[in-house]
Amino acid sequence: MPPPLAALPDPHAATVVPKRDFIDRVVAATGTRRAEARPIIEATLDQLGQILSSGQTLAVPPLGRARINLERDARGGDVITLRLRRRASPAAPIVVEKP
């Protein structure tokens with residue numbers, strides 16, 4: 001029997017991960033120093049934004065394939081709605097070993 005409607009999670013509720021926490025997670029996963037990782041992460045995020053803003057489809061496993069579903073101008077900037085297609089079961093976490 002399916003759960004009652006009140007028990008279903010809100011599909012629009014999301015926990016926001018700030019950039020600082022995102023960088024901390026990458027640093028913890030890779031074992032690099034924050035000073036080394038931060039400029040690389042920021043350049044990566046900048047390139048992701050530029051690629052998607054230009055209307056290109058981004059195919060980056062294990063993230064998946066992201067393409068623009070809807071784009072419109074809003075107050076203060078562009079609003080881009082993405083469609084992200086991922087594998088059914090995510091791959092094992094990436095482990096980076098430092099020499």
# chains A, B, ... in the order shown; residues from 1 in each chain; ligands from 1

$ select_by_dssp --residues "range 27-90 of chain A" --states "alpha helix (DSSP H)" --output "number ranges by chain"
A: 27-30, 34-53

$ residues_around --residues "range 67-84 of chain A" --least-positions-apart "5" --cutoff "12 Å" --atoms "only C-alpha atoms" --output "list in words"
Leu48, Gly49, Gln50, Ile51, Leu52, Ser53, Ser54, Gly55, Gln56, Thr57, Leu58, Ala59, Val60, Pro61 and Pro62 of chain A

$ atom_distance --atom1 "CA of Ala66 in chain A" --atom2 "CA of Leu45 in chain A"
13.9 Å

$ residues_around --residues "range 33-44 of chain A" --least-positions-apart "6" --cutoff "12 Å" --atoms "only C-alpha atoms" --output "list of chain:residue names"
A:Lys19, A:Arg20, A:Asp21, A:Phe22, A:Ile23, A:Asp24, A:Arg25, A:Val26, A:Val27, A:Gln50, A:Ile51, A:Val60, A:Lys98

$ select_by_dssp --residues "range 9-65 of chain A" --states "strand (DSSP E)" --output "PDB file with C-alpha atoms, in the first residue's frame"
ATOM      1  CA  LEU A  58      27.227  19.268 -20.915  1.00  0.00           C
ATOM      2  CA  ALA A  59      28.111  15.561 -20.683  1.00  0.00           C
ATOM      3  CA  VAL A  60      30.219  14.967 -17.585  1.00  0.00           C
ATOM      4  CA  GLY A  64      25.412  13.133 -16.042  1.00  0.00           C
ATOM      5  CA  ARG A  65      24.199  14.942 -19.141  1.00  0.00           C
TER       6      ARG A  65
END
